[in-house]
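Right, one structure below, let's go through it.
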Amino acid sequence: MHYIYRTAACIWSILKHSLMVACAKVFRLQWTFAGPEASTCRSAIRAAKAVVSDIGEVSAAKSNGLVRLSHCSESHSERDVEVLSRQYKIRLPVQISELKKSPGVRYMGSFKVISLRSWIEFLTNFNVWHVMLGLHHPDEARERAILTEFWRLYKAANPQHMLWQVVEENSVDLSKCLPILCHGDEGRGRKKSPFLITAYHSCLGFGTDLANSTRARRPYLSLRLNYCGSTHIHRMLTGCLPKMVKDEQAFKDLCSFMAADCVSMIEQGVESKHGGRVWAACLNIVGDWMWLAKAANLERSFSTVQKRPWTAASVPKGICHWCHAGRRGFDFEDMSMNAAHRGTMFLQGDQPWSTRPVFLDIPHDPSKPAAFFYFDLWHCFHLGMGKSFVASVFALISDRLPGGAVDARFAHLTDLYLQFCDEERTAPYITAITTALVGWPDRKTYPNGQWHKGHTTTAFCHFLERWFAVNNIAGDLLLRKSHEATVCINRCLHMLYASDLWLKPAKCQAIGQLGMRFLCLYQELAKISYDQNTSFYGYMPKSHILHHLFADLVQAQTTSMNCLAWAVQVDEDYIGKKSRLARRVAPATVVQRVIERTLSISYAHWHEAGYLKG
Ligand SMILES: [Zn+2]
């Protein structure tokens with residue numbers, strides 16, 4: 001009953017608003033109170049029925065949307081709620097299109113998509129273009145100045161890019177051209193089956209929490225990272241597809257559509273209803289390694305790492321689409337600045353695919369087409385090497401703690417960690433550090449963290465730095481080097497997250513050197529552990545990607561883009577929300593329903609943020 005009264009109280013509070021706003025809030029409240037925004041339409045109808053029953057239809061009628069919602073059919077909940085949201089215009093006014101299905105497409109429902117063109121039309125026609133540039137209010141002069149500055153820096157860093165010729169041939173005004181990235185990933189849909197989501201987002205945004213909290217001044221030419229704010233606002237869903245592995249043709253169709261859409265948006269742009277034309281340029285495809293391998297038809301990736309000991313006849317394919325790492329003579333484990341694989345980057349005539357990816361139709365740098373598919377720091381450190389590093393250090397530290405049995409020693413470690421979180425007023429994210437969490441069932445197994453949140457790795461790294469500072473580890477070589485490695489990576493990441501979108505060369509080098517020092521120390525730790533016949537600090541292909549990102553920063557000659565621009569932690573959050581939606585709608589219409597409900601949920605967020613009036 002308490003739930004119903006809370007809902008009723010909120011319904012009362014919105015009766016003062018217009019019908020459209022009221023309806024939007026009704027839906028939003030249902031989703032909010034039901035927990036995740038992915039609650040079923042059926043639960044929203046039931047809650048509306050309960051509220052109407054409680055306060056009476058006469059009172060509830062002051063908000064027509066509420067009564068209509070309570071009259072919706074529970075057996076056709078998705079359909080009826082969708083009709084209602086369309087009638088009351090509580091859906092973001094972005095056009096939904098339908099892809100014509102090629103022969104061989106297995107998905108039986110309507111293959112709906114939202115084109116980039118539709119999103120750009122919405123942004124310009126509803127005068128919310130500024131949101132994509134990290135501005136809370138429209139200011140055309142400032143918007144154009146920000147974009148002009150972005151493209152000046154981008155051109156200096158990428159002089160060979162095909163974009164400059166396209167811009168010239170099509171008379172593109174770069175001060176009205178939005179730089180965007182395209183992200184793809186699979187979340188867990190119905191019955192935990194993969195559910196692909198692809199979405200665009202601006203390279204520019206409202207910055208990171210850390211950068212914003214340490215900002216001393218607000219520059220007119222504000223070029224910030226796209227991290228803060230609701231993903232329902234700054235992520236633009238374009239397509240979704242259940243079980244992409246099993247439906248190759250549908251996946252190809254979706255990729256072809258996205259590539260053609262992006263080409264059209266840079267060559268032709270969109271005519272604004274306010275006059276003038278705006279454009280959008282997709283600069284990279286980003287996402288986890290699995291998505292990159294799929295989108296770029298990669299024949300060298302993490303999945304082609306040599307799993308068995310090499311023999312004289314072994315011809316390893318390599319693991320990296322940027323270089324020859326993992327092939328004979330080019331150890332991907334080599335973390336030195338002058339590693340042999342650095343000299344094999346983007347060699348012409350040696351592409352990492354047999355079938356040219358359709359995304360290369362989009363203007364890119366022809367001297368390094370493989371770089372169009374950009375690596376992601378967050379997966380590689382926070383959900384990769386950082387987990388192995390922290391897990392190994394936890395295992396080593398546990399040996400020094402009191403308690404006798406291994407479980408008791410880890411319980412002591414948990415106490416220390418929770419105490420640290422309490423003192424630092426930071427969320428612990430986990431309730432216990434155990435051998436299972438650390439992925440260390442026995443001493444022959446390389447510890448490999450089993451947690452799933454990148455935030456957990458960050459919190460653990462901060463805890464380790466504190467632990468090292470207050471404990472005497474002088475006699476332990478592994479822990480001494482681990483201490484230095486922890487300080488290096490914490491400083492490196494802190495500098496990245498405290499920065500904006502563009503980094504001056506000196507800052508790039510400082511950050512890159514800290515990152516490279518961490519990698520070199522990890523390599524030393526792995527070797528020492530191996531020489532001591534112990535199993536700590538295991539190698540993984542993701543460490544090689546970090547080598548690329550950090551070494552590139554060290555060698556930056558121009559002002560360069562912060563590698564966090566390509567990191568996808570915010571996108572992962574968005575994917576998670578869409579996947580939860582996918583679990584709660586009928587499988588036969590999942591693509592259509594996810595897209596429709598995305599626009600309804602987004603509308604509430606856009607409205608709540610005050611960007612859409614009326
Ligand atoms: Zn490489």
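In the structure tokens, the first chain shown is A, the next is B, and so on; residue numbers restart at 1 for each chain, and ligands run from 1 in the order shown.
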Item checked: Nearby polymer residues, ligand 1, at most 12 Å, only C-alpha atoms and all ligand atoms, as JSON, numbers by chain -> {"A": [300, 301, 302, 318, 319, 320, 321, 322, 323, 324, 325, 326, 327, 330, 331, 332, 333, 334, 335, 339, 340, 341, 342, 343, 344, 345, 346, 347, 352, 370, 371, 374, 375, 541, 542, 543, 544, 545, 546, 547, 548, 549, 550, 551, 552]}
Please write the residues from the selection above to a file, keeping C-alpha atoms, as an mmCIF file, in the first residue's frame.
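Saved file result-v2.cif follows:
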data_model
loop_
_atom_site.group_PDB
_atom_site.id
_atom_site.type_symbol
_atom_site.label_atom_id
_atom_site.label_comp_id
_atom_site.auth_asym_id
_atom_site.auth_seq_id
_atom_site.Cartn_x
_atom_site.Cartn_y
_atom_site.Cartn_z
ATOM 1 C CA ARG A 300 43.811 -10.700 -35.859
ATOM 2 C CA SER A 301 42.393 -10.049 -32.405
ATOM 3 C CA PHE A 302 42.338 -11.387 -28.849
ATOM 4 C CA GLY A 318 48.968 -12.088 -34.314
ATOM 5 C CA ILE A 319 46.511 -10.468 -31.955
ATOM 6 C CA CYS A 320 46.309 -6.827 -32.983
ATOM 7 C CA HIS A 321 44.682 -5.114 -35.953
ATOM 8 C CA TRP A 322 47.010 -2.122 -35.575
ATOM 9 C CA CYS A 323 50.319 -4.035 -35.668
ATOM 10 C CA HIS A 324 52.005 -7.425 -35.875
ATOM 11 C CA ALA A 325 52.078 -8.087 -32.136
ATOM 12 C CA GLY A 326 51.650 -11.745 -31.331
ATOM 13 C CA ARG A 327 53.401 -12.919 -34.473
ATOM 14 C CA PHE A 330 56.841 -9.543 -32.215
ATOM 15 C CA ASP A 331 55.945 -10.546 -28.650
ATOM 16 C CA PHE A 332 52.777 -8.793 -27.533
ATOM 17 C CA GLU A 333 54.116 -9.107 -23.981
ATOM 18 C CA ASP A 334 56.946 -6.691 -24.835
ATOM 19 C CA MET A 335 56.085 -3.511 -22.937
ATOM 20 C CA ALA A 339 59.164 -2.930 -28.694
ATOM 21 C CA ALA A 340 59.541 -4.602 -32.111
ATOM 22 C CA HIS A 341 55.813 -4.464 -32.817
ATOM 23 C CA ARG A 342 55.845 -0.635 -32.687
ATOM 24 C CA GLY A 343 57.636 -0.679 -36.037
ATOM 25 C CA THR A 344 54.860 -2.719 -37.682
ATOM 26 C CA MET A 345 51.941 -0.377 -37.057
ATOM 27 C CA PHE A 346 49.542 0.218 -39.941
ATOM 28 C CA LEU A 347 51.789 -1.301 -42.597
ATOM 29 C CA PRO A 352 43.891 -7.211 -40.679
ATOM 30 C CA ALA A 370 42.597 -0.056 -39.103
ATOM 31 C CA ALA A 371 42.721 2.861 -36.635
ATOM 32 C CA TYR A 374 39.624 2.357 -32.041
ATOM 33 C CA PHE A 375 40.730 0.648 -28.858
ATOM 34 C CA PRO A 541 46.313 -9.529 -24.827
ATOM 35 C CA LYS A 542 44.574 -6.459 -23.386
ATOM 36 C CA SER A 543 47.913 -5.314 -21.949
ATOM 37 C CA HIS A 544 49.094 -4.819 -25.527
ATOM 38 C CA ILE A 545 46.273 -2.359 -26.220
ATOM 39 C CA LEU A 546 47.270 -0.329 -23.195
ATOM 40 C CA HIS A 547 50.775 -0.295 -24.654
ATOM 41 C CA HIS A 548 49.396 1.271 -27.845
ATOM 42 C CA LEU A 549 47.397 3.907 -25.988
ATOM 43 C CA PHE A 550 50.182 4.904 -23.586
ATOM 44 C CA ALA A 551 53.027 4.751 -26.134
ATOM 45 C CA ASP A 552 51.012 6.947 -28.514
#
Margin query: Neighbouring residues of Met132 in chain A were defined as those with any atom within 7 Å, considering only C-alpha atoms; residues of the same chain fewer than 5 positions away were excluded. Please report them as JSON, numbers by chain.
Written below: {"A": [202, 204, 205, 234]}
Next item on the list: Please return as a PyMOL selection string: the residues of range 132-357 of chain A that backbone DSSP assigns to strand (DSSP E or B).
Entry: chain A and resi 177-188+194-202+207+226+235-242+270-271+277-286
Contacts of Ala48 in chain A at 7 Å (only C-alpha atoms; same-chain gap of 6+ positions) as a short mmCIF file (atom, residue, chain, number, x, y, z; two decimals) with N, CA and C atoms, in the first residue's frame:
data_model
loop_
_atom_site.label_atom_id
_atom_site.label_comp_id
_atom_site.auth_asym_id
_atom_site.auth_seq_id
_atom_site.Cartn_x
_atom_site.Cartn_y
_atom_site.Cartn_z
N LEU A 66 -3.44 9.40 -17.20
CA LEU A 66 -3.47 8.39 -16.15
C LEU A 66 -4.66 7.46 -16.31
N LEU A 69 -4.22 5.28 -19.28
CA LEU A 69 -3.23 4.23 -18.99
C LEU A 69 -3.88 3.11 -18.21
N SER A 70 -4.75 3.47 -17.26
CA SER A 70 -5.39 2.42 -16.44
C SER A 70 -6.38 1.59 -17.26
#
Can you tell me, as a CSV table (one decimal) with C-alpha atoms, in the first residue's frame, what residues are no more than 9 Å from Leu147 in chain A when counting only C-alpha atoms, ignoring any on the same chain fewer than 4 positions away?
chain,number,residue,atom,x,y,z
A,133,LEU,CA,28.5,20.4,-27.5
A,142,ARG,CA,29.7,29.9,-29.1
A,143,GLU,CA,28.6,26.6,-30.6
A,151,TRP,CA,38.1,20.7,-36.1
A,152,ARG,CA,41.2,23.0,-36.0
A,174,LEU,CA,32.8,22.6,-40.1
A,175,SER,CA,31.5,25.1,-37.6
A,176,LYS,CA,28.2,23.3,-38.0
A,177,CYS,CA,29.6,19.8,-38.2
A,178,LEU,CA,29.2,17.6,-35.1
A,179,PRO,CA,32.0,15.1,-34.5
A,221,LEU,CA,35.9,27.4,-26.0
A,223,LEU,CA,35.8,21.2,-25.3
Item checked: Atom-to-atom span, CA of His71 in chain A and CA of Ser600 in chain A, Å ->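 So the answer is 19.2 Å.
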Next item on the list: Identify which of the residues A:Leu493, A:Ala432, A:Leu237, A:Leu181 lies closest to Cys262 in chain A, counting only C-alpha atoms when measuring atom-to-atom distances.
Entry: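 Using only C-alpha atoms, Cys262 in chain A sits closest to A:Leu181.
Separating CA of Glu121 in chain A from CA of Ala582 in chain A is a distance of 26.5 Å.
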Next item on the list: Quick one: everything within 7 Å of Cys228 in chain A, counting only C-alpha atoms, minus sequence neighbours fewer than 4 positions away in the same chain. Send it as a PyMOL selection string.
Entry: chain A and resi 206-209
Note to self: Please determine, counting only C-alpha atoms, which residue among A:Cys203, A:Leu254, A:Ala556, A:Ala510 has the shortest atom-to-atom distance to Val131 in chain A.
What the structure shows: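 Under the stated criterion, the closest residue is A:Cys203.
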Item checked: Nearby residues (only C-alpha atoms) at most 10 Å from Pro93 in chain A, same-chain spacing under 6 positions excluded, as a ChimeraX atom specification -> /A:86,118-119,121-123,126,599-600,603
May I have the residues from that selection written out with N, CA and C atoms, as a PDB file, in the first residue's frame?
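Produced file out.pdb, reproduced below:
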ATOM      1  N   ARG A  86       2.273   7.765 -28.148  1.00  0.00           N
ATOM      2  CA  ARG A  86       2.286   8.475 -29.438  1.00  0.00           C
ATOM      3  C   ARG A  86       1.189   9.544 -29.454  1.00  0.00           C
ATOM      4  N   SER A 118      17.918  11.257 -38.702  1.00  0.00           N
ATOM      5  CA  SER A 118      16.759  11.602 -37.867  1.00  0.00           C
ATOM      6  C   SER A 118      17.201  12.288 -36.577  1.00  0.00           C
ATOM      7  N   TRP A 119      18.278  11.773 -35.990  1.00  0.00           N
ATOM      8  CA  TRP A 119      18.772  12.380 -34.746  1.00  0.00           C
ATOM      9  C   TRP A 119      19.249  13.815 -34.991  1.00  0.00           C
ATOM     10  N   GLU A 121      18.342  15.815 -37.405  1.00  0.00           N
ATOM     11  CA  GLU A 121      17.160  16.647 -37.689  1.00  0.00           C
ATOM     12  C   GLU A 121      16.493  17.076 -36.379  1.00  0.00           C
ATOM     13  N   PHE A 122      16.365  16.133 -35.458  1.00  0.00           N
ATOM     14  CA  PHE A 122      15.776  16.458 -34.153  1.00  0.00           C
ATOM     15  C   PHE A 122      16.607  17.532 -33.432  1.00  0.00           C
ATOM     16  N   LEU A 123      17.913  17.333 -33.417  1.00  0.00           N
ATOM     17  CA  LEU A 123      18.793  18.256 -32.679  1.00  0.00           C
ATOM     18  C   LEU A 123      18.709  19.675 -33.222  1.00  0.00           C
ATOM     19  N   PHE A 126      14.700  21.154 -33.160  1.00  0.00           N
ATOM     20  CA  PHE A 126      14.189  21.468 -31.817  1.00  0.00           C
ATOM     21  C   PHE A 126      15.164  22.344 -31.030  1.00  0.00           C
ATOM     22  N   LEU A 599      12.725   5.976 -27.023  1.00  0.00           N
ATOM     23  CA  LEU A 599      12.319   7.351 -27.318  1.00  0.00           C
ATOM     24  C   LEU A 599      11.383   7.893 -26.232  1.00  0.00           C
ATOM     25  N   SER A 600      10.562   7.029 -25.649  1.00  0.00           N
ATOM     26  CA  SER A 600       9.678   7.486 -24.567  1.00  0.00           C
ATOM     27  C   SER A 600      10.484   7.823 -23.313  1.00  0.00           C
ATOM     28  N   TYR A 603      12.516  10.910 -23.837  1.00  0.00           N
ATOM     29  CA  TYR A 603      11.705  12.128 -23.785  1.00  0.00           C
ATOM     30  C   TYR A 603      11.629  12.637 -22.350  1.00  0.00           C
TER      31      TYR A 603
END
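Residues in contact with range 609-613 of chain A at 8 Å, where only C-alpha atoms are counted and same-chain residues fewer than 4 positions away are skipped, are listed as Phe126, Val128, His136 and His605 of chain A.
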How would the residues just picked look written out with all heavy atoms as a CSV table (one decimal), in the first residue's frame?
chain,number,residue,atom,x,y,z
A,126,PHE,N,14.7,21.2,-33.2
A,126,PHE,CA,14.2,21.5,-31.8
A,126,PHE,C,15.2,22.3,-31.0
A,126,PHE,O,15.0,22.5,-29.8
A,126,PHE,CB,13.9,20.2,-31.1
A,126,PHE,CG,12.6,19.6,-31.5
A,126,PHE,CD1,12.5,18.8,-32.7
A,126,PHE,CD2,11.4,19.8,-30.8
A,126,PHE,CE1,11.3,18.3,-33.2
A,126,PHE,CE2,10.2,19.2,-31.3
A,126,PHE,CZ,10.1,18.5,-32.5
A,128,VAL,N,18.2,22.0,-30.0
A,128,VAL,CA,18.9,21.4,-28.9
A,128,VAL,C,20.3,20.9,-29.3
A,128,VAL,O,20.9,20.1,-28.6
A,128,VAL,CB,18.1,20.2,-28.2
A,128,VAL,CG1,17.0,20.8,-27.5
A,128,VAL,CG2,17.7,19.2,-29.3
A,136,HIS,N,24.5,24.1,-21.8
A,136,HIS,CA,23.2,23.9,-21.3
A,136,HIS,C,22.2,24.8,-22.0
A,136,HIS,O,21.0,24.5,-22.0
A,136,HIS,CB,23.2,24.2,-19.8
A,136,HIS,CG,23.8,23.2,-18.9
A,136,HIS,ND1,23.3,21.9,-18.8
A,136,HIS,CD2,25.0,23.2,-18.3
A,136,HIS,CE1,24.1,21.2,-18.0
A,136,HIS,NE2,25.1,21.9,-17.7
A,605,HIS,N,13.7,12.2,-19.9
A,605,HIS,CA,14.9,12.7,-19.5
A,605,HIS,C,15.2,14.1,-20.1
A,605,HIS,O,15.7,15.0,-19.5
A,605,HIS,CB,16.1,11.7,-19.8
A,605,HIS,CG,16.1,10.6,-18.8
A,605,HIS,ND1,16.9,10.6,-17.7
A,605,HIS,CD2,15.4,9.4,-18.8
A,605,HIS,CE1,16.7,9.4,-17.0
A,605,HIS,NE2,15.8,8.7,-17.7
Notebook entry, point to check: Of the candidates A:Leu135, A:Ile575, A:Val270, A:Ile45, which one gets nearest to His232 in chain A if we count only C-alpha atoms?
Noted result: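 Closest residue, counting only C-alpha atoms: A:Ile575.
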Checklist line | Between CA of Leu196 in chain A and CA of Pro242 in chain A, distance in Å (one decimal) | finding: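 Those two atoms sit 6.0 Å apart.
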